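Shown next: coords_31.tsv, containing TSV, C-alpha atoms.
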```
chain	number	residue	atom	x	y	z
A	760	MET	CA	59.46	93.00	-156.11
A	761	PRO	CA	61.57	90.11	-154.73
A	762	ALA	CA	59.83	86.78	-154.48
A	763	ALA	CA	58.50	85.83	-151.07
A	764	SER	CA	60.17	82.98	-149.20
A	765	LYS	CA	58.43	80.04	-147.60
A	766	PRO	CA	57.72	80.26	-143.87
A	767	PRO	CA	60.68	78.87	-141.91
A	768	HIS	CA	60.41	75.42	-140.37
A	769	ARG	CA	59.61	75.90	-136.70
A	770	ASP	CA	61.17	73.62	-134.12
A	771	PRO	CA	58.89	74.01	-131.06
A	772	GLN	CA	61.93	73.58	-128.82
A	773	ARG	CA	63.89	76.35	-130.54
A	774	PRO	CA	64.27	79.51	-128.44
A	775	ARG	CA	62.31	82.42	-129.89
A	776	VAL	CA	64.37	85.38	-131.12
A	777	ALA	CA	63.29	89.03	-130.93
A	778	LEU	CA	64.57	92.11	-132.76
A	779	VAL	CA	64.39	95.15	-130.45
A	780	LEU	CA	64.70	98.55	-132.17
A	781	SER	CA	65.30	101.84	-130.34
A	782	GLY	CA	64.19	105.41	-131.07
A	783	GLY	CA	66.45	108.27	-132.12
A	784	GLY	CA	65.32	110.18	-135.21
A	785	ALA	CA	67.89	110.17	-138.01
A	786	ARG	CA	70.07	107.89	-135.90
A	787	GLY	CA	67.66	105.12	-136.90
A	788	ALA	CA	69.70	104.68	-140.11
A	789	TYR	CA	72.19	102.79	-137.93
A	790	GLU	CA	69.59	100.04	-137.43
A	791	ILE	CA	69.45	99.47	-141.19
A	792	GLY	CA	73.19	98.81	-141.31
A	793	VAL	CA	72.95	96.16	-138.59
A	794	LEU	CA	70.06	94.48	-140.37
A	795	ARG	CA	71.86	94.57	-143.72
A	796	TYR	CA	74.84	92.73	-142.27
A	797	ILE	CA	72.62	90.05	-140.74
A	798	ARG	CA	70.63	89.47	-143.92
A	799	GLU	CA	73.54	89.69	-146.36
A	800	GLN	CA	76.28	87.93	-144.40
A	801	LEU	CA	74.52	85.53	-142.03
A	802	GLY	CA	71.77	84.36	-144.38
A	803	ILE	CA	67.99	84.07	-144.41
A	804	ASP	CA	68.02	81.48	-141.60
A	805	THR	CA	68.46	84.40	-139.20
A	806	HIS	CA	64.77	84.46	-138.35
A	807	PHE	CA	63.06	86.91	-135.99
A	808	ASP	CA	59.96	85.56	-134.26
A	809	VAL	CA	59.06	88.88	-132.63
A	810	ILE	CA	59.83	92.50	-133.56
A	811	THR	CA	59.42	95.39	-131.13
A	812	GLY	CA	60.17	99.06	-131.76
A	813	THR	CA	59.75	102.56	-130.41
A	814	SER	CA	59.73	105.88	-132.30
A	815	VAL	CA	61.85	105.54	-135.45
A	816	GLY	CA	62.39	101.94	-134.33
A	817	ALA	CA	58.63	101.40	-134.64
A	818	ILE	CA	58.73	102.61	-138.26
A	819	ASN	CA	61.77	100.47	-139.10
A	820	GLY	CA	60.22	97.55	-137.22
A	821	ALA	CA	56.95	97.87	-139.13
A	822	TYR	CA	58.83	97.64	-142.41
A	823	VAL	CA	60.75	94.56	-141.24
A	824	ALA	CA	57.50	92.94	-140.07
A	825	ALA	CA	55.77	93.74	-143.37
A	826	THR	CA	58.64	92.23	-145.39
A	827	ALA	CA	59.35	89.25	-143.13
A	828	ASP	CA	58.55	86.99	-146.09
A	829	ARG	CA	61.39	88.62	-148.09
A	830	PRO	CA	64.28	88.65	-145.61
A	831	ARG	CA	67.05	88.58	-148.18
A	832	ALA	CA	66.12	91.95	-149.70
A	833	GLN	CA	64.29	93.72	-146.87
A	834	ALA	CA	67.24	95.76	-145.56
A	835	ARG	CA	68.12	97.07	-149.04
A	836	MET	CA	64.47	97.95	-149.64
A	837	LEU	CA	64.27	99.76	-146.31
A	838	GLN	CA	67.42	101.71	-147.15
A	839	ARG	CA	65.76	102.87	-150.38
A	840	VAL	CA	62.81	104.17	-148.36
A	841	TRP	CA	65.21	106.16	-146.18
A	842	SER	CA	66.80	107.62	-149.32
A	843	GLU	CA	63.58	109.60	-149.90
A	844	LEU	CA	64.01	111.53	-146.64
A	845	THR	CA	65.66	114.95	-146.56
A	846	ILE	CA	65.92	117.66	-143.92
A	847	ASP	CA	63.54	120.02	-145.73
A	848	LYS	CA	60.89	117.32	-146.26
A	849	VAL	CA	60.96	115.83	-142.78
A	850	TYR	CA	61.20	119.16	-140.94
A	851	HIS	CA	58.96	121.40	-143.01
A	852	PHE	CA	57.80	124.43	-141.01
A	853	GLY	CA	56.11	126.69	-143.57
A	854	TRP	CA	53.89	129.73	-143.05
A	855	PRO	CA	50.70	127.78	-142.24
A	856	ARG	CA	52.42	126.35	-139.17
A	857	VAL	CA	53.63	129.81	-138.17
A	858	ARG	CA	50.09	131.23	-138.41
A	859	GLU	CA	48.78	128.38	-136.27
A	860	LEU	CA	51.52	128.77	-133.67
A	861	PRO	CA	49.41	130.68	-131.08
A	862	ARG	CA	46.65	128.06	-131.27
A	863	LEU	CA	49.14	125.20	-131.10
A	864	LEU	CA	50.81	126.65	-128.02
A	865	PHE	CA	47.83	128.05	-126.13
A	866	GLY	CA	44.68	126.49	-127.63
A	867	LYS	CA	42.52	124.31	-125.39
A	868	GLU	CA	39.64	123.10	-127.54
A	869	LEU	CA	40.18	119.73	-129.21
A	870	PRO	CA	38.29	119.33	-132.46
A	871	LYS	CA	36.62	116.07	-133.42
A	872	ILE	CA	39.12	114.09	-135.43
A	873	PRO	CA	39.07	110.59	-136.90
A	874	HIS	CA	41.43	107.68	-136.17
A	875	GLY	CA	44.92	108.43	-137.47
A	876	ALA	CA	44.43	112.19	-137.69
A	877	ARG	CA	47.10	114.59	-136.38
A	878	ILE	CA	46.76	117.35	-133.81
A	879	GLY	CA	49.21	120.21	-133.14
A	880	GLY	CA	52.93	120.10	-133.78
A	881	LEU	CA	55.31	122.79	-134.98
A	882	VAL	CA	56.37	120.68	-137.98
A	883	ASP	CA	54.28	119.90	-141.03
A	884	ALA	CA	54.73	116.12	-141.04
A	885	ARG	CA	52.70	115.35	-144.17
A	886	HIS	CA	55.67	114.20	-146.27
A	887	LEU	CA	56.93	111.84	-143.57
A	888	GLU	CA	53.39	110.59	-143.03
A	889	GLN	CA	52.97	109.93	-146.74
A	890	ILE	CA	56.16	107.86	-146.85
A	891	VAL	CA	55.15	105.83	-143.80
A	892	ARG	CA	51.64	105.20	-145.15
A	893	THR	CA	52.61	104.37	-148.74
A	894	GLN	CA	56.05	102.78	-148.57
A	895	ILE	CA	55.25	100.22	-145.86
A	896	PRO	CA	52.87	97.46	-147.05
A	897	TRP	CA	50.78	97.48	-143.88
A	898	ARG	CA	48.43	94.65	-144.83
A	899	ALA	CA	51.45	92.39	-145.29
A	900	ILE	CA	52.05	92.43	-141.52
A	901	SER	CA	48.82	90.49	-140.95
A	902	ASP	CA	49.62	88.22	-143.90
A	903	ASN	CA	53.06	87.40	-142.50
A	904	LEU	CA	51.59	86.71	-139.06
A	905	HIS	CA	48.99	84.33	-140.45
A	906	ARG	CA	51.48	82.56	-142.75
A	907	GLY	CA	54.00	81.96	-139.96
A	908	HIS	CA	56.74	84.34	-141.06
A	909	LEU	CA	56.33	86.23	-137.78
A	910	ASP	CA	54.74	85.60	-134.37
A	911	ALA	CA	54.18	89.16	-133.16
A	912	PHE	CA	54.95	92.82	-133.86
A	913	ALA	CA	54.74	95.45	-131.11
A	914	CYS	CA	55.28	99.19	-130.95
A	915	THR	CA	55.13	101.59	-128.03
A	916	ALA	CA	53.57	105.06	-127.71
A	917	THR	CA	52.70	107.42	-124.85
A	918	ALA	CA	49.11	108.44	-124.11
A	919	VAL	CA	48.82	112.23	-123.98
A	920	ALA	CA	46.02	112.33	-121.41
A	921	ASN	CA	47.73	110.36	-118.63
A	922	GLY	CA	51.32	109.68	-119.72
A	923	ILE	CA	50.82	105.91	-119.68
A	924	THR	CA	53.19	103.89	-121.85
A	925	THR	CA	51.01	101.89	-124.21
A	926	THR	CA	52.31	98.87	-126.10
A	927	PHE	CA	50.28	97.93	-129.17
A	928	VAL	CA	50.70	94.24	-130.00
A	929	HIS	CA	49.76	92.60	-133.29
A	930	THR	CA	49.45	88.80	-133.32
A	931	ALA	CA	47.75	86.42	-135.74
A	932	SER	CA	45.14	85.34	-133.20
A	933	GLY	CA	44.67	88.73	-131.56
A	934	GLN	CA	45.43	87.08	-128.22
A	935	LEU	CA	48.27	87.81	-125.81
A	936	PRO	CA	50.29	85.55	-123.52
A	937	TYR	CA	50.26	86.19	-119.80
A	938	TRP	CA	51.26	89.86	-119.40
A	939	PRO	CA	51.96	90.93	-115.80
A	940	PRO	CA	50.37	94.29	-114.96
A	941	ALA	CA	52.80	97.16	-114.44
A	942	HIS	CA	52.42	100.66	-113.06
A	943	HIS	CA	51.86	103.31	-115.75
A	944	GLU	CA	51.95	100.72	-118.52
A	945	ALA	CA	49.17	99.34	-120.71
A	946	VAL	CA	49.06	96.71	-123.44
A	947	VAL	CA	46.55	96.74	-126.30
A	948	PRO	CA	46.16	93.78	-128.69
A	949	THR	CA	45.29	95.28	-132.07
A	950	PRO	CA	46.22	95.21	-135.76
A	951	ILE	CA	48.99	97.80	-136.05
A	952	THR	CA	48.56	100.47	-138.71
A	953	ALA	CA	50.46	103.52	-139.92
A	954	ALA	CA	48.70	105.57	-137.24
A	955	HIS	CA	50.29	103.50	-134.45
A	956	ALA	CA	53.80	103.88	-135.90
A	957	LEU	CA	53.38	107.61	-136.54
A	958	ALA	CA	52.13	108.08	-132.97
A	959	SER	CA	55.13	106.19	-131.63
A	960	ALA	CA	57.45	108.56	-133.53
A	961	ALA	CA	55.64	111.84	-132.72
A	962	ILE	CA	58.16	113.87	-130.69
A	963	PRO	CA	56.01	116.07	-128.42
A	964	ILE	CA	55.48	119.69	-129.56
A	965	LEU	CA	57.73	119.19	-132.60
A	966	PHE	CA	55.51	116.62	-134.37
A	967	PRO	CA	51.71	116.38	-134.20
A	968	ALA	CA	50.10	113.98	-131.74
A	969	VAL	CA	48.22	111.17	-133.50
A	970	ARG	CA	44.78	109.90	-132.62
A	971	VAL	CA	44.56	106.13	-132.24
A	972	GLY	CA	41.09	104.95	-131.34
A	973	ASP	CA	39.63	107.52	-128.97
A	974	ARG	CA	42.95	108.76	-127.56
A	975	LEU	CA	45.89	110.92	-128.61
A	976	PHE	CA	49.39	109.46	-128.48
A	977	VAL	CA	52.92	110.81	-128.83
A	978	ASP	CA	56.45	109.42	-128.87
A	979	GLY	CA	56.96	106.13	-127.03
A	980	SER	CA	60.50	107.21	-126.13
A	981	LEU	CA	59.15	109.36	-123.31
A	982	ARG	CA	59.14	106.33	-121.01
A	983	GLN	CA	60.39	103.33	-122.99
A	984	ASN	CA	62.89	104.00	-125.73
A	985	THR	CA	64.25	100.48	-126.06
A	986	PRO	CA	61.28	98.08	-125.78
A	987	LEU	CA	62.93	95.07	-124.16
A	988	ARG	CA	60.03	94.19	-121.88
A	989	PRO	CA	57.46	93.63	-124.64
A	990	ALA	CA	59.87	91.17	-126.29
A	991	LEU	CA	60.19	89.27	-123.01
A	992	ARG	CA	56.44	89.30	-122.39
A	993	LEU	CA	55.93	87.82	-125.84
A	994	GLY	CA	57.98	84.80	-124.82
A	995	CYS	CA	61.36	85.47	-126.41
A	996	GLN	CA	64.44	83.87	-124.89
A	997	ARG	CA	66.93	85.57	-127.20
A	998	LEU	CA	67.10	89.28	-127.91
A	999	LEU	CA	69.00	91.25	-130.52
A	1000	VAL	CA	68.94	94.79	-129.12
A	1001	ILE	CA	70.08	97.70	-131.30
A	1002	GLY	CA	70.91	100.84	-129.33
A	1003	LEU	CA	71.56	104.26	-130.84
A	1004	ARG	CA	74.06	105.73	-128.42
A	1005	ASN	CA	77.68	104.70	-128.21
A	1006	ALA	CA	78.90	103.25	-124.93
A	1007	ASP	CA	81.32	106.12	-124.21
A	1008	ALA	CA	78.72	108.90	-124.59
A	1009	GLU	CA	77.50	108.82	-121.01
A	1010	ASP	CA	77.75	112.52	-120.26
A	1011	ILE	CA	76.06	112.24	-116.89
A	1012	ASP	CA	78.79	109.89	-115.68
A	1013	SER	CA	81.60	112.39	-116.18
A	1014	PRO	CA	83.04	114.16	-113.10
A	1015	LEU	CA	80.80	117.06	-112.16
A	1016	GLY	CA	83.48	119.67	-111.80
A	1017	GLU	CA	85.51	118.78	-114.87
A	1018	ASP	CA	85.64	121.48	-117.59
A	1019	VAL	CA	82.30	122.94	-116.49
A	1020	HIS	CA	83.48	126.43	-117.36
A	1021	GLN	CA	83.81	125.39	-121.00
A	1022	VAL	CA	80.13	124.46	-121.40
A	1023	PHE	CA	77.67	127.28	-121.99
A	1024	PRO	CA	74.11	125.94	-121.69
A	1025	ASN	CA	72.51	127.73	-124.63
A	1026	ALA	CA	69.15	126.63	-126.05
A	1027	VAL	CA	70.57	124.36	-128.75
A	1028	PHE	CA	72.94	122.65	-126.31
A	1029	MET	CA	70.06	122.07	-123.90
A	1030	LEU	CA	67.85	120.73	-126.70
A	1031	GLY	CA	70.50	118.17	-127.60
A	1032	LYS	CA	70.76	117.01	-123.99
A	1033	MET	CA	66.97	116.91	-123.71
A	1034	LEU	CA	66.76	114.66	-126.75
A	1035	ASN	CA	69.40	112.40	-125.24
A	1036	ALA	CA	67.44	112.16	-122.01
A	1037	LEU	CA	64.16	111.68	-123.87
A	1038	MET	CA	65.15	109.12	-126.45
A	1039	LEU	CA	68.19	107.28	-125.17
A	1040	ASP	CA	67.39	105.51	-121.94
A	1041	LYS	CA	69.79	103.30	-120.02
A	1042	ILE	CA	69.72	99.97	-121.84
A	1043	GLU	CA	72.20	98.66	-119.31
A	1044	ALA	CA	69.63	98.81	-116.50
A	1045	ASP	CA	67.21	96.49	-118.31
A	1046	LEU	CA	70.02	94.19	-119.41
A	1047	GLU	CA	71.30	93.99	-115.83
A	1048	ARG	CA	67.85	92.96	-114.62
A	1049	ILE	CA	67.80	90.23	-117.26
A	1050	GLU	CA	71.22	89.01	-116.13
A	1051	GLN	CA	70.07	88.96	-112.49
A	1052	THR	CA	67.20	86.69	-113.49
A	1053	ASN	CA	69.65	84.53	-115.47
A	1054	ARG	CA	71.85	84.13	-112.39
A	1055	LEU	CA	68.80	83.23	-110.30
A	1056	VAL	CA	67.70	80.58	-112.80
A	1057	ARG	CA	71.20	79.09	-113.10
A	1058	ALA	CA	71.61	78.93	-109.33
A	1059	GLY	CA	68.15	77.38	-108.92
A	1060	LEU	CA	68.80	74.74	-111.56
A	1061	ALA	CA	72.07	73.82	-109.88
A	1062	ALA	CA	70.52	73.65	-106.41
A	1063	PHE	CA	67.05	72.22	-107.09
A	1064	GLY	CA	67.16	70.44	-110.42
A	1065	PRO	CA	65.87	70.92	-113.99
A	1066	ASP	CA	62.28	71.67	-113.01
A	1067	PHE	CA	63.24	74.66	-110.82
A	1068	ALA	CA	62.04	77.34	-113.26
A	1069	GLU	CA	58.63	75.72	-113.74
A	1070	ARG	CA	58.14	75.18	-110.01
A	1071	LEU	CA	59.11	78.77	-109.24
A	1072	GLY	CA	56.81	80.09	-111.94
A	1073	ALA	CA	53.89	78.02	-110.63
A	1074	GLN	CA	54.38	79.36	-107.11
A	1075	MET	CA	54.52	82.92	-108.41
A	1076	GLU	CA	51.48	82.34	-110.66
A	1077	ARG	CA	53.65	83.45	-113.57
A	1078	PRO	CA	54.23	80.31	-115.64
A	1079	ALA	CA	57.18	80.19	-118.04
A	1080	ILE	CA	58.40	83.63	-116.99
A	1081	TYR	CA	61.57	82.52	-115.21
A	1082	ARG	CA	64.05	81.37	-117.83
A	1083	GLU	CA	67.46	82.33	-119.07
A	1084	VAL	CA	67.51	85.04	-121.72
A	1085	GLN	CA	70.40	85.49	-124.14
A	1086	THR	CA	70.98	89.06	-125.30
A	1087	VAL	CA	73.21	90.63	-127.92
A	1088	LEU	CA	73.51	94.42	-127.74
A	1089	ILE	CA	74.82	96.24	-130.80
A	1090	ARG	CA	75.31	99.98	-130.55
A	1091	PRO	CA	77.48	102.60	-132.25
A	1092	SER	CA	81.21	102.23	-131.77
A	1093	GLN	CA	81.55	105.90	-132.75
A	1094	ASP	CA	79.71	109.00	-131.56
A	1095	LEU	CA	76.88	109.64	-134.03
A	1096	GLY	CA	76.77	113.27	-132.87
A	1097	THR	CA	80.37	113.82	-133.96
A	1098	MET	CA	79.69	111.99	-137.22
A	1099	ALA	CA	76.68	114.20	-137.97
A	1100	TRP	CA	78.68	117.31	-137.21
A	1101	GLU	CA	81.48	116.26	-139.55
A	1102	GLU	CA	79.06	115.60	-142.41
A	1103	ALA	CA	77.20	118.87	-141.92
A	1104	HIS	CA	80.45	120.83	-141.75
A	1105	LYS	CA	81.83	119.11	-144.85
A	1106	SER	CA	78.82	119.70	-147.11
A	1107	GLY	CA	77.64	122.98	-145.60
A	1108	LEU	CA	74.08	121.76	-146.29
A	1109	SER	CA	73.89	124.23	-149.17
A	1110	GLN	CA	71.38	122.00	-150.98
A	1111	TYR	CA	68.72	122.68	-148.33
A	1112	SER	CA	66.70	125.85	-147.80
A	1113	GLY	CA	64.43	125.07	-144.84
A	1114	ILE	CA	64.56	126.40	-141.29
A	1115	ALA	CA	66.15	123.26	-139.84
A	1116	ALA	CA	69.03	123.37	-142.35
A	1117	ARG	CA	69.57	127.09	-141.75
A	1118	TRP	CA	69.66	126.40	-138.03
A	1119	ILE	CA	72.36	123.75	-138.44
A	1120	ARG	CA	74.35	126.02	-140.79
A	1121	ARG	CA	74.31	128.77	-138.16
A	1122	MET	CA	75.69	126.33	-135.61
A	1123	ILE	CA	78.46	125.38	-138.03
A	1124	ALA	CA	79.31	129.02	-138.68
A	1125	ALA	CA	79.47	129.68	-134.94
A	1126	GLY	CA	81.69	126.66	-134.41
A	1127	ASP	CA	79.24	125.22	-131.86
A	1128	ASP	CA	80.43	121.62	-132.11
A	1129	GLU	CA	79.14	121.01	-128.58
A	1130	GLU	CA	75.64	120.95	-130.07
A	1131	SER	CA	76.37	117.98	-132.36
A	1132	ASP	CA	73.83	115.88	-130.47
A	1133	VAL	CA	70.99	117.87	-132.07
A	1134	ALA	CA	72.37	117.35	-135.57
A	1135	SER	CA	72.55	113.58	-135.09
A	1136	TYR	CA	68.76	113.43	-134.56
A	1137	ILE	CA	67.58	115.76	-137.31
A	1138	LEU	CA	70.23	115.42	-140.04
A	1139	PHE	CA	68.27	113.47	-142.67
A	1140	ASP	CA	71.09	114.01	-145.16
A	1141	PRO	CA	72.31	111.23	-147.50
A	1142	GLY	CA	75.97	111.62	-146.47
A	1143	TYR	CA	75.28	111.25	-142.76
A	1144	LEU	CA	72.70	108.49	-143.23
A	1145	ARG	CA	75.11	106.45	-145.37
A	1146	ARG	CA	77.82	106.76	-142.73
A	1147	ALA	CA	75.40	105.70	-140.00
A	1148	ILE	CA	74.32	102.68	-142.08
A	1149	ASP	CA	77.93	101.72	-142.79
A	1150	LEU	CA	78.77	102.01	-139.09
A	1151	GLY	CA	75.88	99.72	-138.17
A	1152	TYR	CA	77.10	97.20	-140.74
A	1153	SER	CA	80.68	97.20	-139.43
A	1154	ASP	CA	79.59	97.08	-135.78
A	1155	ALA	CA	77.43	94.04	-136.51
A	1156	GLU	CA	80.37	92.43	-138.29
A	1157	SER	CA	82.54	92.95	-135.21
A	1158	GLN	CA	79.99	90.92	-133.20
A	1159	ARG	CA	79.63	88.12	-135.74
A	1160	ALA	CA	80.33	85.35	-133.23
A	1161	GLU	CA	77.65	86.60	-130.82
A	1162	LEU	CA	75.14	86.88	-133.67
A	1163	LEU	CA	75.87	83.37	-134.90
A	1164	SER	CA	75.31	82.08	-131.38
A	1165	LEU	CA	72.04	83.97	-131.09
A	1166	PHE	CA	70.69	82.24	-134.19
A	1167	ASP	CA	72.30	78.83	-133.44
A	1168	ARG	CA	74.40	79.11	-136.59
```
Since I need it in another form, could you write the structure as structure tokens?
Amino acid sequence: MPAASKPPHRDPQRPRVALVLSGGGARGAYEIGVLRYIREQLGIDTHFDVITGTSVGAINGAYVAATADRPRAQARMLQRVWSELTIDKVYHFGWPRVRELPRLLFGKELPKIPHGARIGGLVDARHLEQIVRTQIPWRAISDNLHRGHLDAFACTATAVANGITTTFVHTASGQLPYWPPAHHEAVVPTPITAAHALASAAIPILFPAVRVGDRLFVDGSLRQNTPLRPALRLGCQRLLVIGLRNADAEDIDSPLGEDVHQVFPNAVFMLGKMLNALMLDKIEADLERIEQTNRLVRAGLAAFGPDFAERLGAQMERPAIYREVQTVLIRPSQDLGTMAWEEAHKSGLSQYSGIAARWIRRMIAAGDDEESDVASYILFDPGYLRRAIDLGYSDAESQRAELLSLFDR
């Protein structure tokens, strides 16, 4: 195992930097490529004070937090973890799940289950759970927090009972900064474990809900797929945001009457669009709100002097909230759906025997390339994952100047 580095020297005046990781199933491989470029080409001085993640971003984020003392090698190590994932292992249906299907769909009684246990789900997630529990050194997150390699790690999940977005926050002290209350949102300071990350990544119905404490939780992407707000609440002034949808793939923005006759809304097509709506929220809306605050702060500084932000915060009873925030958004320059479709068509997925692979093969045989969105989420295939990682690497390279500025390099 690579030797751990010393905690970075902290200048108290240095703006705090956050890594914000989105959800998106197999698309999460793209995040590894971005991180590899930063670690391998920009150096170990590219320090993240805070890491936030949702869904697959919570799992990737947990690994980054647990290896924050080994930044030089962490991206390569995380890529090796991903190499253990395959379609058949991640999406294992099996006869036991088929026999339980009526109870999963129509059952009402909830058995007594311990913390971290799973309930329901059409997919047998034991292999994925084993990888998450054994390949991420969970105790190292607390060690890195106490040794100064990291200030905070946060992941988001959705409470089944009431639909409230819950952000679990792990800090060395167990304390939180001022956190303004928000409608249908909750924040819980707690040591984050594998159960929290698995809950954050539990796509409803498909994967089992996970019990954390006395409540059941599912995928955090239901309401907050790109957790920008937790990073801001934790005091970060600079954000590296990794999105998992390319800028041109805004289907809802296309003219309503254009080529409608060519789109037949079959079940697979609708599932792909549902996953897009579920997991890929509008990052631009949050970034626009940040820029509006930046404009307000700049105008106030120009009009009222250097203490404007502090005076405004004091009047609003929200100290240190109003400040400029620098953001760098990196997202796919190519359509990951098209990329997944190309890889599946090229290999034919003949090496897999499970239901998910047979489903994708049937789509290929039917020529249903409109359903490529589905493949991009579930295609845990080495060829596709490598291409997604390489794309993340090259997209980060294309924004080298912005990244250097973010880290004051």
Item to complete: Might you pull out every residue within 6 Å of region 775-780 of chain A, with only C-alpha atoms counted and same-chain residues fewer than 4 positions away left off, and present them as a PyMOL selection string?
Response: chain A and resi 807-812+816+995-1001
Item to complete: Find the residue from A:Pro967, A:Gly783, A:Pro1141, A:Gly933 that sits nearest to His905 (chain A); use all atoms listed in the file when measuring.
Response: A:Gly933
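Of the listed residues A:Ala834, A:Ile846, A:Leu1003, A:Ala785, the one whose atoms come nearest to Tyr1111 (chain A) is A:Ile846, with distances taken using all atoms listed in the file.
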Fill in: Distance in Å - CA of Arg1004 (chain A) versus CA of Ile1042 (chain A)
9.8 Å
Worksheet entry | Distance criterion (all atoms listed in the file): nearest to Trp1100 (chain A) out of A:Gly972, A:Gly1142, A:Gly792, A:Gly1151 | A:Gly1142
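Between CA of Arg988 (chain A) and CA of Ala1068 (chain A) there is a distance of 19.0 Å.
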Worksheet item: Between CA of Gly1002 (chain A) and CA of Gly787 (chain A), what is the spacing in Å?
Response: 9.3 Å
Worksheet entry | Shell around region 947-959 of chain A at 8 Å using all atoms listed in the file, local window under 5 positions removed, as a ChimeraX atom specification | /A:813-815,817-818,821,874-876,888,891-892,897,901,913-917,925-930,933-935,968-971,976-980
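Of the listed residues (A:Pro896, A:Ala1073, A:Phe1063, A:Leu991), A:Leu991 comes nearest to Arg1048 (chain A); the distances count all atoms listed in the file.
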